[in-house]
file upload.csv (CSV, C-alpha atoms)
chain,number,residue,atom,x,y,z
A,1,THR,CA,9.2,15.1,-7.8
A,2,ILE,CA,9.2,14.9,-4.0
A,3,PHE,CA,7.2,11.6,-4.3
A,4,ALA,CA,9.8,10.0,-6.7
A,5,PHE,CA,12.6,11.3,-4.5
A,6,THR,CA,11.1,9.8,-1.3
A,7,SER,CA,10.2,6.5,-3.0
A,8,ARG,CA,13.8,5.8,-3.9
A,9,GLY,CA,14.5,5.2,-0.2
A,10,LEU,CA,11.6,2.9,0.4
A,11,PHE,CA,11.3,-0.9,0.2
A,12,GLU,CA,8.9,-2.0,-2.5
A,13,ARG,CA,6.4,-3.3,0.0
A,14,HIS,CA,6.3,0.1,1.8
A,15,LYS,CA,5.6,2.2,-1.3
A,16,LEU,CA,1.9,1.6,-1.3
A,17,ILE,CA,1.7,2.8,2.3
A,18,PHE,CA,3.4,6.0,1.3
A,19,SER,CA,1.2,6.5,-1.8
A,20,ALA,CA,-2.0,5.8,0.2
A,21,LEU,CA,-1.1,8.2,3.0
A,22,LEU,CA,-0.4,10.9,0.4
A,23,CYS,CA,-3.7,10.2,-1.3
A,24,PHE,CA,-5.6,10.3,1.9
A,25,ALA,CA,-4.0,13.6,2.9
A,26,ILE,CA,-5.0,15.1,-0.5
A,27,LEU,CA,-8.6,13.9,-0.2
A,28,GLN,CA,-8.9,15.1,3.4
A,29,ARG,CA,-7.7,18.5,2.5
A,30,GLN,CA,-10.4,18.6,-0.2
A,31,GLY,CA,-13.0,17.4,2.3
A,32,LEU,CA,-13.8,14.2,0.3
A,33,ILE,CA,-13.2,11.7,3.1
A,34,ASP,CA,-14.4,11.6,6.7
A,35,ARG,CA,-11.8,11.5,9.4
A,36,GLY,CA,-13.7,8.8,11.4
A,37,GLN,CA,-13.9,6.6,8.4
A,38,LEU,CA,-10.2,7.0,7.6
A,39,THR,CA,-9.4,6.1,11.2
A,40,TYR,CA,-11.3,2.8,10.9
A,41,LEU,CA,-9.5,2.0,7.7
A,42,LEU,CA,-6.1,2.7,9.1
A,43,ARG,CA,-6.5,1.0,12.5
A,44,GLY,CA,-8.9,-1.9,11.6
A,45,PRO,CA,-10.4,-2.0,15.1
A,46,LYS,CA,-12.4,-5.0,16.4
A,47,LYS,CA,-15.1,-5.1,19.1
A,48,PRO,CA,-15.5,-8.4,20.9
A,49,GLY,CA,-18.4,-9.4,23.1
A,50,VAL,CA,-21.3,-9.8,20.6
A,51,PRO,CA,-22.2,-13.4,19.9
A,52,ARG,CA,-21.9,-14.4,16.3
A,53,PRO,CA,-25.3,-15.7,14.9
A,54,GLU,CA,-25.5,-19.3,13.9
A,55,SER,CA,-26.5,-18.3,10.3
A,56,CYS,CA,-23.1,-16.6,9.9
A,57,GLU,CA,-20.8,-19.1,11.6
A,58,GLN,CA,-20.1,-21.2,8.5
A,59,TRP,CA,-18.9,-18.3,6.3
A,60,LEU,CA,-18.0,-15.4,8.5
A,61,SER,CA,-15.0,-15.7,10.8
A,62,GLU,CA,-15.0,-14.4,14.4
A,63,PRO,CA,-12.4,-11.6,13.6
A,64,CYS,CA,-14.5,-10.4,10.7
A,65,TRP,CA,-17.6,-10.4,12.9
A,66,GLN,CA,-15.8,-8.3,15.5
A,67,ALA,CA,-14.6,-5.9,12.8
A,68,ILE,CA,-18.3,-5.5,11.8
A,69,GLN,CA,-19.2,-4.6,15.4
A,70,ALA,CA,-16.6,-1.8,15.3
A,71,LEU,CA,-17.7,-0.7,11.8
A,72,LYS,CA,-21.3,-0.2,13.1
A,73,GLU,CA,-19.9,2.8,15.1
A,74,VAL,CA,-18.6,4.6,12.0
A,75,GLU,CA,-20.9,7.4,10.9
A,76,GLY,CA,-21.5,9.3,7.8
A,77,THR,CA,-22.6,6.7,5.3
A,78,ALA,CA,-25.7,6.0,3.4
A,79,PRO,CA,-27.0,3.4,4.2
A,80,PRO,CA,-25.5,3.7,7.8
A,81,PHE,CA,-23.1,1.0,8.8
A,82,GLU,CA,-25.2,0.3,11.9
A,83,GLN,CA,-27.6,-1.6,9.6
A,84,LEU,CA,-24.9,-3.9,8.2
A,85,GLU,CA,-25.0,-6.5,10.9
A,86,ARG,CA,-28.7,-7.1,10.2
A,87,ASP,CA,-28.1,-7.4,6.5
A,88,LEU,CA,-25.3,-9.9,7.0
A,89,VAL,CA,-27.6,-12.1,9.1
A,90,GLU,CA,-30.6,-11.9,6.8
A,91,SER,CA,-29.2,-11.8,3.3
A,92,ASN,CA,-27.4,-14.6,1.5
A,93,ARG,CA,-26.0,-12.1,-0.9
A,94,TRP,CA,-23.3,-11.1,1.6
A,95,LYS,CA,-22.2,-14.7,1.9
A,96,ALA,CA,-21.9,-14.8,-1.9
A,97,TRP,CA,-19.9,-11.5,-1.9
A,98,CYS,CA,-17.5,-12.7,0.8
A,99,GLU,CA,-16.8,-15.8,-1.2
A,100,LEU,CA,-15.9,-13.9,-4.4
A,101,GLU,CA,-12.3,-14.3,-5.7
A,102,HIS,CA,-12.1,-10.5,-6.4
A,103,PRO,CA,-14.5,-8.7,-4.1
A,104,GLU,CA,-12.6,-5.5,-4.6
A,105,ASP,CA,-13.5,-5.3,-8.3
A,106,LYS,CA,-16.2,-2.7,-9.1
A,107,GLU,CA,-18.1,-5.1,-11.3
A,108,GLU,CA,-17.5,-8.5,-9.9
A,109,GLY,CA,-17.5,-7.2,-6.3
A,110,ARG,CA,-20.6,-5.0,-6.6
A,111,LEU,CA,-22.0,-4.7,-3.1
A,112,PRO,CA,-25.5,-6.2,-2.3
A,113,THR,CA,-28.7,-4.0,-2.3
A,114,ASP,CA,-28.3,-0.4,-1.3
A,115,TRP,CA,-24.8,-0.9,-0.1
A,116,LYS,CA,-23.7,-0.4,-3.7
A,117,ASN,CA,-24.3,3.3,-3.1
A,118,LEU,CA,-21.3,3.6,-0.8
A,119,THR,CA,-18.5,5.7,-2.1
A,120,GLU,CA,-15.3,4.0,-3.4
A,121,PHE,CA,-13.5,5.0,-0.2
A,122,GLN,CA,-16.3,3.6,2.0
A,123,ARG,CA,-16.2,0.3,0.2
A,124,LEU,CA,-12.7,0.0,1.4
A,125,LEU,CA,-14.0,-0.1,4.9
A,126,VAL,CA,-16.3,-3.0,4.1
A,127,LEU,CA,-13.4,-4.8,2.5
A,128,ARG,CA,-11.3,-4.1,5.6
A,129,ALA,CA,-13.9,-5.7,7.7
A,130,LEU,CA,-15.0,-8.7,5.6
A,131,ARG,CA,-12.1,-9.5,3.2
A,132,PRO,CA,-8.9,-8.0,4.7
A,133,ASP,CA,-6.9,-10.4,2.5
A,134,ARG,CA,-8.0,-8.3,-0.6
A,135,LEU,CA,-7.4,-4.9,1.0
A,136,THR,CA,-4.0,-4.3,-0.6
A,137,VAL,CA,-5.4,-4.9,-4.1
A,138,GLY,CA,-8.4,-2.7,-3.3
A,139,LEU,CA,-6.2,0.1,-1.9
A,140,THR,CA,-4.0,-0.1,-5.0
A,141,ASP,CA,-7.0,0.4,-7.2
A,142,PHE,CA,-8.3,3.2,-5.1
A,143,VAL,CA,-5.1,5.2,-5.1
A,144,SER,CA,-4.7,4.6,-8.8
A,145,ASN,CA,-8.2,5.9,-9.5
A,146,GLN,CA,-7.8,8.9,-7.3
A,147,ILE,CA,-4.4,10.3,-8.0
A,148,GLY,CA,-3.1,8.2,-10.9
A,149,LYS,CA,-1.3,4.9,-11.8
A,150,PHE,CA,2.1,6.6,-11.5
A,151,PHE,CA,1.7,6.4,-7.7
A,152,VAL,CA,1.2,2.7,-7.5
A,153,GLU,CA,3.4,1.4,-10.3
A,154,ASP,CA,6.7,-0.3,-9.7
A,155,MET,CA,9.4,2.3,-10.4
A,156,ALA,CA,12.9,1.2,-11.2
A,157,VAL,CA,14.9,4.4,-10.7
A,158,PRO,CA,17.9,4.5,-13.0
A,159,LEU,CA,21.2,4.9,-11.1
A,160,SER,CA,22.0,7.9,-13.3
A,161,VAL,CA,19.1,9.8,-11.8
A,162,SER,CA,20.3,9.2,-8.2
A,163,TYR,CA,23.8,10.2,-9.2
A,164,GLU,CA,22.6,13.6,-10.4
A,165,ASP,CA,21.5,14.3,-6.8
A,166,ALA,CA,24.8,13.1,-5.3
A,167,THR,CA,27.6,15.4,-4.3
A,168,PRO,CA,31.1,14.9,-2.8
A,169,VAL,CA,29.5,15.2,0.7
A,170,THR,CA,26.2,13.5,-0.3
A,171,PRO,CA,27.2,10.0,-1.4
A,172,VAL,CA,24.9,7.3,-2.8
A,173,PHE,CA,24.2,4.3,-0.4
A,174,PHE,CA,22.8,1.0,-1.5
A,175,ILE,CA,20.7,-1.1,0.9
A,176,LEU,CA,21.5,-4.6,-0.2
A,177,SER,CA,19.1,-7.6,-0.3
A,178,PRO,CA,20.1,-11.2,-0.8
A,179,GLY,CA,21.0,-11.9,-4.4
A,180,VAL,CA,21.3,-8.2,-5.3
A,181,ASP,CA,24.6,-6.8,-6.6
A,182,PRO,CA,24.6,-3.1,-7.7
A,183,VAL,CA,28.3,-3.1,-8.7
A,184,GLN,CA,27.5,-3.8,-12.4
A,185,PHE,CA,25.2,-0.8,-12.5
A,186,VAL,CA,27.9,1.4,-10.9
A,187,VAL,CA,30.5,0.2,-13.4
A,188,GLN,CA,28.2,0.8,-16.3
A,189,LEU,CA,27.4,4.3,-15.1
A,190,GLY,CA,31.1,4.9,-14.7
A,191,LYS,CA,31.8,3.9,-18.3
A,192,THR,CA,29.0,6.2,-19.5
A,193,LEU,CA,30.5,9.1,-17.6
A,194,GLY,CA,34.1,8.3,-18.5
A,195,TYR,CA,35.2,6.9,-15.1
A,196,THR,CA,36.9,3.5,-15.6
A,197,GLU,CA,39.5,1.4,-13.8
A,198,GLU,CA,41.7,1.6,-16.9
A,199,GLN,CA,41.8,5.3,-16.6
A,200,GLU,CA,42.3,5.0,-12.8
A,201,LYS,CA,39.2,7.1,-12.2
A,202,PHE,CA,37.1,4.3,-10.9
A,203,PHE,CA,38.0,2.2,-7.8
A,204,ASN,CA,36.1,-0.9,-6.6
A,205,VAL,CA,37.2,-1.5,-3.0
A,206,SER,CA,35.6,-4.1,-0.9
A,207,LEU,CA,36.0,-2.8,2.6
A,208,GLY,CA,37.4,-5.5,4.8
A,209,GLN,CA,40.5,-6.5,6.7
A,210,GLY,CA,43.6,-5.1,5.0
A,211,GLN,CA,41.7,-2.9,2.5
A,212,GLU,CA,42.3,0.4,4.4
A,213,PRO,CA,45.5,1.4,2.5
A,214,ARG,CA,43.9,0.7,-0.8
A,215,ALA,CA,40.8,2.8,0.1
A,216,PHE,CA,43.0,5.7,1.3
A,217,HIS,CA,45.0,5.6,-1.9
A,218,ALA,CA,41.8,5.7,-3.9
A,219,LEU,CA,40.6,8.7,-2.0
call {"tool": "encode", "arguments": {"input": "upload.csv", "output": "C-alpha coordinates"}}
result
Amino acid sequence: TIFAFTSRGLFERHKLIFSALLCFAILQRQGLIDRGQLTYLLRGPKKPGVPRPESCEQWLSEPCWQAIQALKEVEGTAPPFEQLERDLVESNRWKAWCELEHPEDKEEGRLPTDWKNLTEFQRLLVLRALRPDRLTVGLTDFVSNQIGKFFVEDMAVPLSVSYEDATPVTPVFFILSPGVDPVQFVVQLGKTLGYTEEQEKFFNVSLGQGQEPRAFHAL
(Lines of atoms letter the chains of each structure in order from A and count residues from 1; the text may use other names and numbers.)
(Lines give C-alpha, C1' and ligand atoms only; values in the text may rest on other atoms or scores of the structure.)
Protein backbone atom coordinates (compact mmCIF):
# COMPACT_ATOMS: atom_id res chain seq x y z
CA THR A 1 0.00 0.00 0.00
CA ILE A 2 0.99 3.65 -0.31
CA PHE A 3 1.12 3.88 3.49
CA ALA A 4 3.49 0.93 3.82
CA PHE A 5 5.64 2.22 0.95
CA THR A 6 5.97 5.67 2.51
CA SER A 7 6.59 4.32 6.01
CA ARG A 8 9.70 2.53 4.85
CA GLY A 9 11.45 5.86 4.38
CA LEU A 10 10.50 7.27 7.78
CA PHE A 11 12.30 7.10 11.08
CA GLU A 12 10.32 5.17 13.68
CA ARG A 13 9.61 8.30 15.74
CA HIS A 14 8.06 10.00 12.70
CA LYS A 15 5.65 7.23 11.72
CA LEU A 16 2.97 8.24 14.23
CA ILE A 17 2.99 11.77 12.79
CA PHE A 18 2.36 10.37 9.32
CA SER A 19 -0.36 8.00 10.56
CA ALA A 20 -2.07 10.76 12.54
CA LEU A 21 -2.10 13.19 9.61
CA LEU A 22 -3.54 10.47 7.40
CA CYS A 23 -6.21 9.72 9.99
CA PHE A 24 -7.11 13.40 10.38
CA ALA A 25 -7.39 13.84 6.62
CA ILE A 26 -9.81 10.91 6.40
CA LEU A 27 -11.95 12.16 9.28
CA GLN A 28 -12.00 15.70 7.92
CA ARG A 29 -13.16 14.45 4.54
CA GLN A 30 -15.97 12.59 6.31
CA GLY A 31 -16.88 15.71 8.28
CA LEU A 32 -16.17 14.04 11.63
CA ILE A 33 -13.69 16.55 13.06
CA ASP A 34 -13.76 20.33 13.23
CA ARG A 35 -10.98 22.27 11.53
CA GLY A 36 -10.60 24.72 14.42
CA GLN A 37 -10.27 21.88 16.91
CA LEU A 38 -7.70 20.16 14.71
CA THR A 39 -5.69 23.38 14.46
CA TYR A 40 -5.53 23.59 18.25
CA LEU A 41 -4.37 19.99 18.53
CA LEU A 42 -1.64 20.41 15.94
CA ARG A 43 -0.31 23.79 17.09
CA GLY A 44 -0.87 23.63 20.83
CA PRO A 45 -1.23 27.41 21.24
CA LYS A 46 -0.92 29.23 24.56
CA LYS A 47 -2.44 32.52 25.65
CA PRO A 48 -0.55 34.35 28.40
CA GLY A 49 -1.75 37.30 30.41
CA VAL A 50 -4.45 35.70 32.59
CA PRO A 51 -3.34 35.25 36.23
CA ARG A 52 -3.41 31.69 37.51
CA PRO A 53 -5.76 31.27 40.50
CA GLU A 54 -4.17 30.34 43.82
CA SER A 55 -6.36 27.24 44.03
CA CYS A 56 -4.62 25.84 40.91
CA GLU A 57 -1.04 26.89 41.53
CA GLN A 58 -0.05 23.72 43.37
CA TRP A 59 -1.11 21.26 40.67
CA LEU A 60 -1.52 23.17 37.39
CA SER A 61 1.59 24.58 35.72
CA GLU A 62 1.67 28.00 34.09
CA PRO A 63 2.11 26.55 30.54
CA CYS A 64 -0.96 24.34 31.05
CA TRP A 65 -2.95 27.31 32.35
CA GLN A 66 -2.02 29.31 29.26
CA ALA A 67 -3.01 26.36 27.08
CA ILE A 68 -6.43 26.35 28.76
CA GLN A 69 -6.85 30.05 27.97
CA ALA A 70 -6.27 29.27 24.29
CA LEU A 71 -8.55 26.22 24.46
CA LYS A 72 -11.41 28.44 25.69
CA GLU A 73 -11.53 29.98 22.22
CA VAL A 74 -12.08 26.65 20.47
CA GLU A 75 -15.74 26.23 19.51
CA GLY A 76 -18.05 23.38 18.68
CA THR A 77 -18.00 21.23 21.82
CA ALA A 78 -20.59 20.28 24.39
CA PRO A 79 -20.01 21.45 27.06
CA PRO A 80 -18.17 24.44 25.55
CA PHE A 81 -14.50 24.81 26.37
CA GLU A 82 -15.08 28.35 27.59
CA GLN A 83 -16.51 26.76 30.77
CA LEU A 84 -13.42 24.66 31.42
CA GLU A 85 -11.50 27.37 33.29
CA ARG A 86 -14.28 27.72 35.86
CA ASP A 87 -14.49 23.97 36.38
CA LEU A 88 -10.75 23.71 36.90
CA VAL A 89 -10.89 26.34 39.62
CA GLU A 90 -13.99 24.99 41.38
CA SER A 91 -13.67 21.21 41.08
CA ASN A 92 -11.09 19.02 42.81
CA ARG A 93 -11.89 16.27 40.29
CA TRP A 94 -9.70 17.96 37.69
CA LYS A 95 -6.75 17.90 40.08
CA ALA A 96 -7.27 14.17 40.56
CA TRP A 97 -7.54 13.66 36.78
CA CYS A 98 -4.35 15.58 36.07
CA GLU A 99 -2.48 13.45 38.59
CA LEU A 100 -3.54 10.14 37.01
CA GLU A 101 -0.79 7.91 35.66
CA HIS A 102 -2.75 7.20 32.47
CA PRO A 103 -5.24 10.04 31.91
CA GLU A 104 -5.56 9.08 28.24
CA ASP A 105 -7.17 5.75 29.16
CA LYS A 106 -10.93 5.71 28.51
CA GLU A 107 -11.74 4.07 31.82
CA GLU A 108 -9.03 5.27 34.17
CA GLY A 109 -8.96 8.72 32.56
CA ARG A 110 -12.70 9.32 32.41
CA LEU A 111 -13.20 13.09 32.35
CA PRO A 112 -15.05 14.73 35.26
CA THR A 113 -18.77 15.62 35.15
CA ASP A 114 -20.26 16.51 31.76
CA TRP A 115 -16.85 16.65 30.12
CA LYS A 116 -17.10 12.91 29.73
CA ASN A 117 -19.49 13.63 26.84
CA LEU A 118 -16.70 15.03 24.68
CA THR A 119 -15.83 13.00 21.62
CA GLU A 120 -12.69 10.90 21.56
CA PHE A 121 -11.02 13.50 19.36
CA GLN A 122 -12.05 16.40 21.60
CA ARG A 123 -10.58 14.61 24.61
CA LEU A 124 -7.23 14.81 22.84
CA LEU A 125 -7.47 18.60 23.05
CA VAL A 126 -7.90 18.40 26.82
CA LEU A 127 -4.95 16.03 27.00
CA ARG A 128 -2.94 18.45 24.85
CA ALA A 129 -3.62 21.27 27.28
CA LEU A 130 -3.41 19.55 30.67
CA ARG A 131 -1.21 16.47 30.17
CA PRO A 132 0.90 16.99 27.04
CA ASP A 133 3.31 14.32 28.29
CA ARG A 134 0.63 11.68 27.57
CA LEU A 135 -0.44 13.02 24.18
CA THR A 136 1.68 10.59 22.17
CA VAL A 137 0.06 7.60 23.87
CA GLY A 138 -3.41 9.13 23.55
CA LEU A 139 -2.85 9.89 19.88
CA THR A 140 -1.67 6.34 19.25
CA ASP A 141 -4.84 4.96 20.80
CA PHE A 142 -6.99 7.39 18.79
CA VAL A 143 -5.44 6.49 15.43
CA SER A 144 -5.68 2.79 16.27
CA ASN A 145 -9.37 3.09 17.17
CA GLN A 146 -10.21 5.14 14.08
CA ILE A 147 -8.33 3.46 11.22
CA GLY A 148 -6.80 0.33 12.74
CA LYS A 149 -3.81 -0.98 14.68
CA PHE A 150 -1.91 -1.57 11.45
CA PHE A 151 -1.23 2.16 11.21
CA VAL A 152 0.44 2.46 14.62
CA GLU A 153 2.26 -0.85 14.97
CA ASP A 154 6.01 -1.12 14.52
CA MET A 155 6.59 -2.59 11.09
CA ALA A 156 9.87 -4.27 10.27
CA VAL A 157 9.78 -4.33 6.47
CA PRO A 158 11.68 -7.35 5.07
CA LEU A 159 14.50 -6.39 2.73
CA SER A 160 13.03 -8.75 0.14
CA VAL A 161 9.95 -6.50 -0.11
CA SER A 162 12.07 -3.42 -0.79
CA TYR A 163 14.13 -5.37 -3.29
CA GLU A 164 11.04 -6.12 -5.35
CA ASP A 165 10.58 -2.38 -5.90
CA ALA A 166 14.22 -1.85 -6.88
CA THR A 167 15.48 -1.67 -10.47
CA PRO A 168 18.92 -1.14 -12.05
CA VAL A 169 18.20 2.62 -11.99
CA THR A 170 16.32 2.62 -8.66
CA PRO A 171 18.73 1.23 -6.07
CA VAL A 172 18.08 0.57 -2.40
CA PHE A 173 19.69 3.04 0.03
CA PHE A 174 20.17 2.39 3.74
CA ILE A 175 20.10 5.27 6.23
CA LEU A 176 22.42 4.00 8.92
CA SER A 177 22.13 4.58 12.65
CA PRO A 178 24.84 3.84 15.25
CA GLY A 179 25.07 0.12 15.87
CA VAL A 180 23.05 -0.87 12.80
CA ASP A 181 24.68 -2.98 10.07
CA PRO A 182 22.43 -4.03 7.17
CA VAL A 183 25.16 -6.06 5.41
CA GLN A 184 24.06 -9.34 6.96
CA PHE A 185 20.52 -8.85 5.62
CA VAL A 186 21.84 -8.06 2.14
CA VAL A 187 24.09 -11.14 2.20
CA GLN A 188 21.20 -13.34 3.33
CA LEU A 189 18.92 -11.98 0.60
CA GLY A 190 21.68 -12.57 -1.95
CA LYS A 191 21.97 -16.20 -0.89
CA THR A 192 18.21 -16.64 -1.18
CA LEU A 193 18.24 -15.22 -4.71
CA GLY A 194 21.38 -17.07 -5.77
CA TYR A 195 23.80 -14.13 -5.63
CA THR A 196 26.89 -15.00 -3.61
CA GLU A 197 30.54 -13.98 -3.52
CA GLU A 198 31.54 -17.55 -4.35
CA GLN A 199 29.61 -17.32 -7.59
CA GLU A 200 31.08 -13.86 -8.22
CA LYS A 201 27.56 -12.45 -8.40
CA PHE A 202 27.74 -10.55 -5.13
CA PHE A 203 30.29 -7.86 -4.32
CA ASN A 204 30.73 -6.19 -0.94
CA VAL A 205 32.76 -3.05 -1.55
CA SER A 206 33.36 -0.50 1.18
CA LEU A 207 33.78 2.75 -0.70
CA GLY A 208 36.88 4.50 0.53
CA GLN A 209 40.38 5.40 -0.54
CA GLY A 210 41.73 2.96 -3.11
CA GLN A 211 38.42 1.10 -3.57
CA GLU A 212 37.47 2.72 -6.91
CA PRO A 213 39.13 0.07 -9.13
CA ARG A 214 37.43 -2.74 -7.24
CA ALA A 215 34.05 -0.99 -7.48
CA PHE A 216 34.44 -0.40 -11.22
CA HIS A 217 35.44 -4.03 -11.71
CA ALA A 218 32.31 -5.16 -9.85
CA LEU A 219 30.13 -2.94 -12.04
call {"tool": "atom_distance", "arguments": {"input": "upload.csv", "atom1": "CA of Arg123 in chain A", "atom2": "CA of Thr136 in chain A"}}
result
13.1 Å
call {"tool": "residues_around", "arguments": {"input": "upload.csv", "residues": "Asn92 in chain A", "least_positions_apart": "5", "cutoff": "12 Å", "atoms": "all atoms listed in the file", "output": "PyMOL selection string"}}
result
chain A and resi 55-56+59-60+86-87+97-99+112-113
call {"tool": "atom_distance", "arguments": {"input": "upload.csv", "atom1": "CA of Val172 in chain A", "atom2": "CA of Gly194 in chain A"}}
result
18.2 Å
call {"tool": "closest_residue", "arguments": {"input": "upload.csv", "among": "A:Leu125, A:Val183, A:Ala25, A:Leu88", "to": "Leu41 in chain A", "atoms": "only C-alpha atoms"}}
result
A:Leu125
call {"tool": "closest_residue", "arguments": {"input": "upload.csv", "among": "A:Ala70, A:Leu16, A:Leu189, A:Val161", "to": "Lys149 in chain A", "atoms": "all atoms listed in the file"}}
result
A:Leu16
